[in-house]
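structure.cif follows; it contains mmCIF, C-alpha atoms.
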data_work
loop_
_atom_site.label_atom_id
_atom_site.label_comp_id
_atom_site.auth_asym_id
_atom_site.auth_seq_id
_atom_site.Cartn_x
_atom_site.Cartn_y
_atom_site.Cartn_z
CA MET Q 1 85.22 137.35 323.48
CA SER Q 2 87.82 137.21 326.26
CA LYS Q 3 87.61 139.77 329.05
CA ASN Q 4 89.49 143.00 328.56
CA GLN Q 5 92.80 143.13 330.41
CA GLU Q 6 95.98 145.20 330.59
CA TRP Q 7 99.50 144.68 331.89
CA GLN Q 8 100.81 146.97 334.63
CA VAL Q 9 104.16 147.34 336.39
CA VAL Q 10 103.69 147.09 340.18
CA LYS Q 11 107.32 147.45 341.29
CA PHE Q 12 110.68 148.28 339.77
CA ALA Q 13 113.47 145.83 339.01
CA LYS Q 14 116.84 145.36 340.66
CA GLY Q 15 119.01 142.93 338.78
CA MET Q 16 117.30 140.27 336.68
CA PRO Q 17 113.58 141.02 336.16
CA THR Q 18 111.08 138.65 337.77
CA GLU Q 19 107.43 137.94 337.02
CA ASP Q 20 106.22 139.58 340.24
CA LEU Q 21 107.11 142.97 338.77
CA PHE Q 22 104.01 142.71 336.58
CA LYS Q 23 100.28 142.37 337.14
CA CYS Q 24 97.50 141.56 334.68
CA VAL Q 25 94.45 143.67 335.53
CA ASP Q 26 90.83 143.41 334.34
CA VAL Q 27 89.61 146.68 332.79
CA ASP Q 28 86.36 147.98 331.32
CA GLU Q 29 85.53 147.44 327.69
CA PRO Q 30 85.89 150.57 325.53
CA ASN Q 31 82.63 152.07 324.31
CA GLU Q 32 82.46 152.97 320.64
CA ARG Q 33 80.14 155.88 321.54
CA ASP Q 34 83.18 157.52 323.15
CA LEU Q 35 85.06 157.59 319.82
CA LYS Q 36 86.11 161.08 318.72
CA ASP Q 37 87.26 162.26 315.32
CA GLY Q 38 90.79 161.03 314.64
CA GLU Q 39 90.43 158.04 316.96
CA VAL Q 40 90.06 154.30 316.47
CA LEU Q 41 88.81 151.46 318.63
CA VAL Q 42 91.33 148.67 318.26
CA GLU Q 43 92.09 145.14 319.36
CA ILE Q 44 95.68 144.10 319.94
CA LYS Q 45 96.75 140.93 318.20
CA ALA Q 46 100.43 140.85 319.22
CA LEU Q 47 102.86 142.67 321.51
CA SER Q 48 106.56 143.42 321.23
CA VAL Q 49 108.91 142.82 324.17
CA ASP Q 50 112.40 144.27 323.81
CA PRO Q 51 115.63 144.57 325.80
CA TYR Q 52 115.40 148.37 325.97
CA MET Q 53 112.34 147.97 328.19
CA ARG Q 54 114.63 146.80 330.99
CA GLY Q 55 115.71 150.41 331.43
CA ARG Q 56 112.08 151.48 331.78
CA LEU Q 57 111.75 149.04 334.69
CA SER Q 58 114.48 150.79 336.68
CA GLY Q 59 112.27 153.63 337.88
CA VAL Q 60 114.67 156.17 336.36
CA ASP Q 61 113.89 158.19 333.22
CA SER Q 62 116.44 157.97 330.41
CA TYR Q 63 115.92 158.47 326.68
CA VAL Q 64 112.50 156.94 327.31
CA PRO Q 65 110.50 157.55 330.49
CA ALA Q 66 110.39 154.86 333.16
CA PHE Q 67 107.19 152.85 333.40
CA LYS Q 68 104.75 154.29 335.93
CA LEU Q 69 103.70 151.99 338.74
CA ASN Q 70 100.14 150.65 338.68
CA ALA Q 71 99.59 152.11 335.21
CA PRO Q 72 99.43 150.34 331.84
CA MET Q 73 102.69 149.35 330.22
CA GLN Q 74 103.23 150.67 326.72
CA GLY Q 75 105.23 149.38 323.79
CA GLY Q 76 105.10 148.09 320.26
CA ALA Q 77 101.84 146.46 319.24
CA VAL Q 78 99.87 145.39 316.17
CA GLY Q 79 96.21 144.66 315.77
CA THR Q 80 92.87 145.18 314.07
CA VAL Q 81 90.67 148.24 313.80
CA LEU Q 82 87.21 147.44 315.23
CA LYS Q 83 85.61 150.89 314.85
CA SER Q 84 87.02 154.02 313.27
CA LYS Q 85 86.60 157.76 313.06
CA ALA Q 86 89.98 158.25 311.43
CA GLU Q 87 90.85 158.56 307.76
CA GLY Q 88 93.11 155.76 306.52
CA PHE Q 89 92.01 153.24 309.14
CA PRO Q 90 88.85 151.49 307.90
CA GLU Q 91 87.14 148.93 310.09
CA GLY Q 92 88.84 145.54 309.77
CA SER Q 93 92.17 146.99 308.66
CA SER Q 94 95.48 146.22 310.37
CA TRP Q 95 97.64 148.71 312.26
CA ALA Q 96 101.00 148.94 314.01
CA GLY Q 97 102.44 151.38 316.50
CA SER Q 98 103.02 152.11 320.17
CA ALA Q 99 100.08 151.45 322.48
CA PRO Q 100 99.23 150.50 326.05
CA TYR Q 101 99.37 146.75 326.62
CA ARG Q 102 95.57 146.49 326.79
CA LYS Q 103 93.58 144.03 324.69
CA ARG Q 104 90.94 146.51 323.45
CA GLN Q 105 91.06 150.29 323.69
CA ILE Q 106 90.45 153.63 322.00
CA ILE Q 107 93.62 155.34 320.76
CA SER Q 108 94.58 158.26 318.56
CA ALA Q 109 95.23 157.33 314.94
CA ALA Q 110 98.26 159.63 315.10
CA ALA Q 111 99.99 157.04 317.32
CA ILE Q 112 99.72 154.21 314.79
CA ARG Q 113 100.21 153.48 311.10
CA PRO Q 114 98.53 151.15 308.61
CA ALA Q 115 100.17 147.70 308.54
CA PRO Q 116 99.54 146.00 305.19
CA VAL Q 117 99.72 142.22 305.27
CA SER Q 118 100.12 139.56 302.60
CA ASP Q 119 101.13 135.91 302.27
CA ALA Q 120 104.77 137.04 302.45
CA VAL Q 121 104.21 139.62 305.18
CA PRO Q 122 102.22 138.46 308.24
CA LEU Q 123 101.02 141.04 310.74
CA THR Q 124 103.70 140.15 313.31
CA HIS Q 125 106.40 141.29 310.85
CA HIS Q 126 105.31 144.86 311.65
CA LEU Q 127 106.66 144.38 315.18
CA GLY Q 128 109.99 143.09 313.93
CA ILE Q 129 111.56 143.38 310.53
CA LEU Q 130 109.01 146.03 309.44
CA GLY Q 131 108.83 147.68 312.86
CA GLY Q 132 111.30 148.92 315.42
CA THR Q 133 113.68 146.02 314.83
CA GLY Q 134 114.05 146.58 311.10
CA LEU Q 135 114.09 150.35 311.45
CA THR Q 136 116.88 150.10 314.03
CA ALA Q 137 119.04 147.93 311.79
CA TYR Q 138 118.38 149.78 308.54
CA LEU Q 139 118.62 153.36 309.78
CA SER Q 140 121.62 152.90 312.07
CA LEU Q 141 123.62 151.34 309.24
CA LYS Q 142 122.53 154.09 306.87
CA ASN Q 143 123.25 156.99 309.21
CA ILE Q 144 126.28 155.73 311.14
CA ALA Q 145 128.04 152.91 309.28
CA GLU Q 146 127.92 154.29 305.75
CA PRO Q 147 129.80 154.34 303.48
CA ILE Q 148 129.83 150.54 303.47
CA SER Q 149 132.06 148.90 300.90
CA GLU Q 150 132.07 145.44 299.40
CA GLY Q 151 134.80 143.26 300.92
CA GLU Q 152 134.87 145.00 304.30
CA HIS Q 153 134.93 142.89 307.45
CA ALA Q 154 132.27 143.38 310.12
CA PHE Q 155 131.51 141.87 313.52
CA VAL Q 156 127.90 141.70 314.73
CA SER Q 157 127.42 140.70 318.37
CA GLY Q 158 124.05 139.32 319.38
CA GLY Q 159 123.78 138.10 315.81
CA ALA Q 160 120.81 135.81 316.44
CA GLY Q 161 118.70 138.59 317.95
CA GLY Q 162 116.11 140.54 316.03
CA VAL Q 163 118.32 143.52 315.20
CA GLY Q 164 121.49 141.46 314.85
CA SER Q 165 119.97 139.04 312.33
CA ALA Q 166 118.66 141.95 310.24
CA VAL Q 167 122.05 143.69 310.32
CA ILE Q 168 123.80 140.51 309.16
CA GLN Q 169 121.48 140.26 306.16
CA LEU Q 170 121.74 143.93 305.20
CA LEU Q 171 125.54 143.87 305.41
CA ALA Q 172 125.90 140.57 303.55
CA ALA Q 173 123.72 141.96 300.76
CA LYS Q 174 126.30 144.74 300.33
CA GLY Q 175 129.12 142.21 299.99
CA VAL Q 176 130.46 142.66 303.53
CA LYS Q 177 132.11 139.66 305.17
CA VAL Q 178 130.39 139.26 308.52
CA ILE Q 179 131.39 137.36 311.65
CA ALA Q 180 128.71 137.08 314.32
CA SER Q 181 128.50 135.93 317.91
CA ALA Q 182 125.62 134.10 319.59
CA GLY Q 183 124.98 132.10 322.74
CA THR Q 184 124.19 128.59 321.46
CA ASP Q 185 125.36 126.41 318.60
CA GLU Q 186 121.84 126.54 317.15
CA LYS Q 187 121.98 130.34 317.12
CA VAL Q 188 125.43 130.24 315.55
CA GLN Q 189 123.93 128.26 312.67
CA ARG Q 190 121.06 130.75 312.39
CA CYS Q 191 123.63 133.55 311.98
CA LYS Q 192 125.22 131.64 309.12
CA ASP Q 193 121.80 131.00 307.60
CA MET Q 194 121.23 134.77 307.63
CA GLY Q 195 124.41 135.34 305.63
CA ALA Q 196 127.28 135.51 308.13
CA ALA Q 197 130.52 134.21 306.65
CA ALA Q 198 131.49 132.95 310.11
CA ALA Q 199 129.97 132.80 313.59
CA PHE Q 200 130.99 131.59 317.02
CA ASN Q 201 129.45 130.62 320.34
CA TYR Q 202 130.68 133.25 322.78
CA LYS Q 203 130.05 130.91 325.71
CA THR Q 204 132.43 128.36 324.20
CA VAL Q 205 135.06 130.93 323.23
CA GLY Q 206 134.84 132.61 326.63
CA GLU Q 207 135.96 136.07 327.72
CA GLY Q 208 139.71 135.50 327.67
CA PRO Q 209 142.21 136.32 324.89
CA GLU Q 210 140.53 133.68 322.72
CA LEU Q 211 137.88 136.29 321.92
CA GLU Q 212 140.43 138.58 320.25
CA GLN Q 213 142.09 135.57 318.64
CA THR Q 214 138.81 134.52 317.05
CA LEU Q 215 138.17 137.99 315.63
CA ASN Q 216 141.75 138.45 314.42
CA ALA Q 217 141.69 135.10 312.66
CA PHE Q 218 138.61 136.21 310.74
CA ALA Q 219 139.92 139.69 309.92
CA PRO Q 220 143.75 139.68 310.06
CA LYS Q 221 143.87 143.26 308.80
CA GLY Q 222 141.29 144.40 311.31
CA LEU Q 223 137.55 144.88 311.50
CA ASN Q 224 136.14 147.77 309.51
CA LEU Q 225 132.80 147.74 311.30
CA TYR Q 226 131.49 146.54 314.64
CA TYR Q 227 127.75 146.47 315.36
CA ASP Q 228 127.46 146.27 319.14
CA ASN Q 229 124.42 144.74 320.80
CA VAL Q 230 126.29 143.36 323.82
CA GLY Q 231 128.77 145.85 325.30
CA GLY Q 232 131.14 144.87 328.12
CA ARG Q 233 133.99 142.51 327.36
CA THR Q 234 132.76 141.94 323.80
CA LEU Q 235 133.03 145.65 323.04
CA GLU Q 236 136.53 145.69 324.49
CA ALA Q 237 137.61 142.81 322.24
CA ALA Q 238 136.09 144.46 319.19
CA ILE Q 239 137.93 147.73 319.85
CA ALA Q 240 141.18 145.78 320.13
CA CYS Q 241 140.56 144.18 316.75
CA MET Q 242 139.39 147.23 314.81
CA ALA Q 243 141.27 148.51 311.80
CA GLY Q 244 142.16 152.17 311.60
CA HIS Q 245 139.23 154.47 310.79
CA GLY Q 246 136.75 151.69 311.60
CA ARG Q 247 133.17 152.39 312.67
CA ILE Q 248 131.38 151.13 315.78
CA VAL Q 249 127.59 151.30 315.88
CA SER Q 250 126.56 151.20 319.54
CA CYS Q 251 123.03 149.74 319.53
CA GLY Q 252 122.87 148.07 322.94
CA ALA Q 253 124.72 146.49 325.84
CA ILE Q 254 122.54 143.59 326.94
CA SER Q 255 125.40 142.03 328.93
CA GLN Q 256 125.18 144.99 331.33
CA TYR Q 257 121.45 145.64 331.64
CA ASN Q 258 120.82 143.48 334.69
CA VAL Q 259 123.90 144.42 336.73
CA ALA Q 260 122.35 145.25 340.09
CA ASN Q 261 125.16 147.53 341.29
CA PRO Q 262 126.71 150.03 338.83
CA SER Q 263 130.12 149.40 340.38
CA GLU Q 264 129.88 145.81 339.11
CA ALA Q 265 129.43 146.86 335.47
CA TYR Q 266 132.26 145.82 333.16
CA GLY Q 267 134.76 148.62 332.61
CA VAL Q 268 136.09 148.63 329.06
CA LYS Q 269 139.83 149.13 329.44
CA ASN Q 270 141.00 150.16 325.96
CA THR Q 271 138.90 153.19 325.09
CA THR Q 272 142.11 155.13 324.32
CA SER Q 273 142.34 152.98 321.20
CA ILE Q 274 139.31 154.81 319.84
CA THR Q 275 141.55 157.86 319.57
CA GLY Q 276 144.68 156.01 318.52
CA LYS Q 277 142.93 154.16 315.71
CA SER Q 278 140.81 157.16 314.66
CA LEU Q 279 137.66 155.11 315.24
CA LYS Q 280 134.15 156.43 314.91
CA MET Q 281 131.86 155.17 317.70
CA GLN Q 282 128.29 156.41 317.87
CA GLY Q 283 125.28 155.48 319.91
CA PHE Q 284 121.76 156.28 318.79
CA ILE Q 285 118.05 156.16 319.46
CA VAL Q 286 116.15 155.06 316.38
CA SER Q 287 113.62 157.87 316.86
CA ASN Q 288 116.47 160.28 316.03
CA TRP Q 289 115.58 159.46 312.44
CA LYS Q 290 111.79 159.53 312.70
CA ASP Q 291 111.64 161.65 309.56
CA GLN Q 292 113.16 158.69 307.67
CA TYR Q 293 110.70 156.04 308.92
CA ALA Q 294 108.37 156.07 305.91
CA GLU Q 295 111.22 155.74 303.43
CA ALA Q 296 112.87 152.98 305.47
CA ILE Q 297 109.67 150.96 305.93
CA LYS Q 298 109.00 151.19 302.18
CA ALA Q 299 112.51 149.87 301.46
CA LEU Q 300 112.24 147.11 304.07
CA TYR Q 301 108.78 146.07 302.86
CA GLY Q 302 110.16 145.68 299.34
CA LEU Q 303 113.09 143.56 300.55
CA VAL Q 304 110.82 141.33 302.65
CA SER Q 305 108.18 140.94 299.95
CA SER Q 306 110.82 139.92 297.41
CA GLY Q 307 112.37 137.38 299.79
CA LYS Q 308 115.67 139.28 300.00
CA LEU Q 309 115.25 139.98 303.72
CA LYS Q 310 114.02 137.35 306.16
CA SER Q 311 112.38 137.87 309.52
CA LEU Q 312 113.78 135.79 312.37
CA ASP Q 313 111.14 135.55 315.10
CA THR Q 314 110.29 133.75 318.33
CA ILE Q 315 106.54 133.85 318.89
CA VAL Q 316 105.04 133.13 322.32
CA ASP Q 317 101.28 132.55 322.35
CA GLY Q 318 99.10 134.12 325.04
CA PHE Q 319 98.56 137.65 326.40
CA ASP Q 320 99.26 136.17 329.83
CA LYS Q 321 102.75 135.10 328.72
CA MET Q 322 104.11 138.64 328.37
CA PRO Q 323 106.30 138.59 331.54
CA GLU Q 324 107.69 135.16 330.72
CA ALA Q 325 108.56 136.23 327.18
CA PHE Q 326 110.19 139.46 328.35
CA ILE Q 327 112.34 137.80 331.01
CA SER Q 328 113.49 135.11 328.58
CA LEU Q 329 115.16 137.82 326.48
CA PHE Q 330 117.85 138.05 329.16
CA LYS Q 331 118.29 134.28 329.40
CA GLY Q 332 118.86 133.59 325.72
CA GLY Q 333 115.33 132.34 325.19
CA ASN Q 334 114.74 134.05 321.86
CA VAL Q 335 116.01 133.50 318.37
CA GLY Q 336 115.36 136.74 316.51
CA LYS Q 337 112.55 139.11 317.48
CA MET Q 338 110.47 138.16 320.52
CA VAL Q 339 106.73 138.55 319.90
CA VAL Q 340 103.79 137.80 322.19
CA ARG Q 341 100.76 136.77 320.14
CA CYS Q 342 97.53 137.59 321.97
#
Rewrite the structure of this file - the entire thing - as structure tokens.
Amino acid sequence: MSKNQEWQVVKFAKGMPTEDLFKCVDVDEPNERDLKDGEVLVEIKALSVDPYMRGRLSGVDSYVPAFKLNAPMQGGAVGTVLKSKAEGFPEGSSWAGSAPYRKRQIISAAAIRPAPVSDAVPLTHHLGILGGTGLTAYLSLKNIAEPISEGEHAFVSGGAGGVGSAVIQLLAAKGVKVIASAGTDEKVQRCKDMGAAAAFNYKTVGEGPELEQTLNAFAPKGLNLYYDNVGGRTLEAAIACMAGHGRIVSCGAISQYNVANPSEAYGVKNTTSITGKSLKMQGFIVSNWKDQYAEAIKALYGLVSSGKLKSLDTIVDGFDKMPEAFISLFKGGNVGKMVVRC
């Protein structure tokens, strides 16, 4: 058995994150004699690293608290129950939830959920398509973008990311014609494989008027829906190309997360069009719909098990690779959901 370790944040980020922000620390093994009723002793098998965590590295609380210095990081994780004093979590069963990034530990069963696995559903899916990634895509479309009609035109930025690739599939299944953007030609093809009717490399198209031209060529009558994972200039172009009464789901703005000085952030110049076109634009935190998690996971599990919804993942092996995997999110190093397998 490998020694027990945890990841800590030792300083906050300014601009692009670097590996020296993190430290891997040896910790004591948990003792099963310390288990209380309602608790489980678990081993982590895989970790989730996600763009939203960049905000937690700023040292400023937002919709989630900032990481504390010299304390364990916390995020999405999956693993195995080693010992249990909690109903519904027998020894040897799999779990998913939010936990400190520590290999072995005692946690409350209230913080996790059972994570059934099968040949079609590996454990790591519960970090992605059956975890926060899938919940984000499914519930934001349900609660913000609906009603969604067959034949509508939608733009999904960051289409080769975990959330973006799930959104493409869910929209295409409803008969929506989707155009997606991504940062490499390989990722462009992945978007098409997921069901996008068209996709483009935003680095090739650039940030000039060609961006609007590309979107207008796809949807001459305007976009009915924009799913925003990028923000900045891409959001500006999407607003310009929206049809009247269109909907914008504001999921993220990864193009702006590592801007060191707020004054250097891109200022979207056409927000008055939101009024003029009677657009609906709504941001969200997926936990807003926590009461819908069980229903959504059941629906997603059925879609995945039947092969109607595919998980797009990049898996990095090694607990020690967590910082490298996280930083690569901001350099285009992932296709789909980024997972660190321990």
Compile the contact shell of Asn216 in chain Q as a PyMOL selection string: residues with an atom at most 12 Å away, counting all atoms listed in the file, same-chain residues fewer than 6 positions apart removed. chain Q and resi 153-155+179+209-210+222-224+237-243
Once you have the residues from the selection above, write them out as a PDB file, keeping the file's coordinate frame, restricted to C-alpha atoms.
ATOM      1  CA  HIS Q 153     134.930 142.890 307.450  1.00  0.00           C
ATOM      2  CA  ALA Q 154     132.270 143.380 310.120  1.00  0.00           C
ATOM      3  CA  PHE Q 155     131.510 141.870 313.520  1.00  0.00           C
ATOM      4  CA  ILE Q 179     131.390 137.360 311.650  1.00  0.00           C
ATOM      5  CA  PRO Q 209     142.210 136.320 324.890  1.00  0.00           C
ATOM      6  CA  GLU Q 210     140.530 133.680 322.720  1.00  0.00           C
ATOM      7  CA  GLY Q 222     141.290 144.400 311.310  1.00  0.00           C
ATOM      8  CA  LEU Q 223     137.550 144.880 311.500  1.00  0.00           C
ATOM      9  CA  ASN Q 224     136.140 147.770 309.510  1.00  0.00           C
ATOM     10  CA  ALA Q 237     137.610 142.810 322.240  1.00  0.00           C
ATOM     11  CA  ALA Q 238     136.090 144.460 319.190  1.00  0.00           C
ATOM     12  CA  ILE Q 239     137.930 147.730 319.850  1.00  0.00           C
ATOM     13  CA  ALA Q 240     141.180 145.780 320.130  1.00  0.00           C
ATOM     14  CA  CYS Q 241     140.560 144.180 316.750  1.00  0.00           C
ATOM     15  CA  MET Q 242     139.390 147.230 314.810  1.00  0.00           C
ATOM     16  CA  ALA Q 243     141.270 148.510 311.800  1.00  0.00           C
TER      17      ALA Q 243
END
Give me, please, the distance in Å between CA of Lys174 in chain Q and CA of Gly302 in chain Q, quoted to one decimal. 16.2 Å
Expanded to explicit residues, what is the PyMOL selection byres ((chain Q and resi 7) around 12) for this file, as a short mmCIF file (atom, residue, chain, number, x, y, z; two decimals) with C-alpha atoms, keeping the file's coordinate frame?
data_model
loop_
_atom_site.label_atom_id
_atom_site.label_comp_id
_atom_site.auth_asym_id
_atom_site.auth_seq_id
_atom_site.Cartn_x
_atom_site.Cartn_y
_atom_site.Cartn_z
CA ASN Q 4 89.49 143.00 328.56
CA GLN Q 5 92.80 143.13 330.41
CA GLU Q 6 95.98 145.20 330.59
CA GLN Q 8 100.81 146.97 334.63
CA VAL Q 9 104.16 147.34 336.39
CA VAL Q 10 103.69 147.09 340.18
CA GLU Q 19 107.43 137.94 337.02
CA ASP Q 20 106.22 139.58 340.24
CA LEU Q 21 107.11 142.97 338.77
CA PHE Q 22 104.01 142.71 336.58
CA LYS Q 23 100.28 142.37 337.14
CA CYS Q 24 97.50 141.56 334.68
CA VAL Q 25 94.45 143.67 335.53
CA ASP Q 26 90.83 143.41 334.34
CA VAL Q 27 89.61 146.68 332.79
CA LEU Q 47 102.86 142.67 321.51
CA PHE Q 67 107.19 152.85 333.40
CA LYS Q 68 104.75 154.29 335.93
CA LEU Q 69 103.70 151.99 338.74
CA ASN Q 70 100.14 150.65 338.68
CA ALA Q 71 99.59 152.11 335.21
CA PRO Q 72 99.43 150.34 331.84
CA MET Q 73 102.69 149.35 330.22
CA GLN Q 74 103.23 150.67 326.72
CA GLY Q 75 105.23 149.38 323.79
CA ALA Q 99 100.08 151.45 322.48
CA PRO Q 100 99.23 150.50 326.05
CA TYR Q 101 99.37 146.75 326.62
CA ARG Q 102 95.57 146.49 326.79
CA LYS Q 103 93.58 144.03 324.69
CA PHE Q 319 98.56 137.65 326.40
CA ASP Q 320 99.26 136.17 329.83
CA LYS Q 321 102.75 135.10 328.72
CA MET Q 322 104.11 138.64 328.37
CA PRO Q 323 106.30 138.59 331.54
#
Residues selected by the PyMOL selection byres ((chain Q and resi 299) around 12), written as a PDB file with C-alpha atoms, in the coordinates of the input:
ATOM      1  CA  ILE Q 129     111.560 143.380 310.530  1.00  0.00           C
ATOM      2  CA  LEU Q 130     109.010 146.030 309.440  1.00  0.00           C
ATOM      3  CA  GLY Q 134     114.050 146.580 311.100  1.00  0.00           C
ATOM      4  CA  LEU Q 135     114.090 150.350 311.450  1.00  0.00           C
ATOM      5  CA  TYR Q 138     118.380 149.780 308.540  1.00  0.00           C
ATOM      6  CA  LEU Q 139     118.620 153.360 309.780  1.00  0.00           C
ATOM      7  CA  LEU Q 170     121.740 143.930 305.200  1.00  0.00           C
ATOM      8  CA  GLN Q 292     113.160 158.690 307.670  1.00  0.00           C
ATOM      9  CA  TYR Q 293     110.700 156.040 308.920  1.00  0.00           C
ATOM     10  CA  ALA Q 294     108.370 156.070 305.910  1.00  0.00           C
ATOM     11  CA  GLU Q 295     111.220 155.740 303.430  1.00  0.00           C
ATOM     12  CA  ALA Q 296     112.870 152.980 305.470  1.00  0.00           C
ATOM     13  CA  ILE Q 297     109.670 150.960 305.930  1.00  0.00           C
ATOM     14  CA  LYS Q 298     109.000 151.190 302.180  1.00  0.00           C
ATOM     15  CA  LEU Q 300     112.240 147.110 304.070  1.00  0.00           C
ATOM     16  CA  TYR Q 301     108.780 146.070 302.860  1.00  0.00           C
ATOM     17  CA  GLY Q 302     110.160 145.680 299.340  1.00  0.00           C
ATOM     18  CA  LEU Q 303     113.090 143.560 300.550  1.00  0.00           C
ATOM     19  CA  VAL Q 304     110.820 141.330 302.650  1.00  0.00           C
ATOM     20  CA  SER Q 305     108.180 140.940 299.950  1.00  0.00           C
ATOM     21  CA  SER Q 306     110.820 139.920 297.410  1.00  0.00           C
ATOM     22  CA  LYS Q 308     115.670 139.280 300.000  1.00  0.00           C
ATOM     23  CA  LEU Q 309     115.250 139.980 303.720  1.00  0.00           C
TER      24      LEU Q 309
END
Using all atoms listed in the file, what residues lie at most 12 Å away from (113.5, 148.8, 325.8) (file coordinates), given as a PyMOL selection string? chain Q and resi 48-58+61-67+73-76+132-133+251-254+257+285-286+326+329
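Checking Q:Asp193, Q:Asp185, Q:Glu152, Q:Asp317 one by one against Tyr226 in chain Q, counting all atoms listed in the file, you find the shortest gap at Q:Glu152.
Between Met281 in chain Q and the residues Q:Ala145, Q:Val188, Q:Leu215, Q:Val40, the shortest atom-to-atom distance, using only C-alpha atoms, involves Q:Ala145.
Distances to Leu235 in chain Q were evaluated for Q:Gln105, Q:Thr214, Q:Thr271, Q:Ser165 using all atoms listed in the file, and the minimum falls at Q:Thr271.
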For the atom pair CA of Ile327 in chain Q and CA of Pro17 in chain Q, what is the interatomic distance in Å to one decimal place? 6.2 Å
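Candidate residues Q:Ile248, Q:Cys342, Q:Val78, Q:Ala173 were compared for distance to Val42 in chain Q, and the nearest is Q:Val78, using only C-alpha atoms.
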The PyMOL selection byres ((chain Q and resi 333) around 12) on the file shown: which residues, as a PyMOL selection string? chain Q and resi 160-161+182-184+186-187+313-316+324-332+334-339
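The space separating CA of Glu39 in chain Q from CA of Ser108 in chain Q comes to 4.5 Å.
With only C-alpha atoms as the atoms that count, the minimum distance from Met16 in chain Q to the choices Q:Arg247, Q:Asn261, Q:Arg341, Q:Trp289 is reached by Q:Asn261.
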Need to verify the contact set: Glu207 in chain Q, 12 Å, only C-alpha atoms, exclusion of same-chain residues closer than 3 positions in sequence. Can you return it as a PyMOL selection string? chain Q and resi 201-204+210-214+232-238+266
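Distance check against Ala219 in chain Q using all atoms listed in the file: of Q:Gly15, Q:Gly97, Q:Gly175, Q:Gly151, the minimum falls on Q:Gly151.
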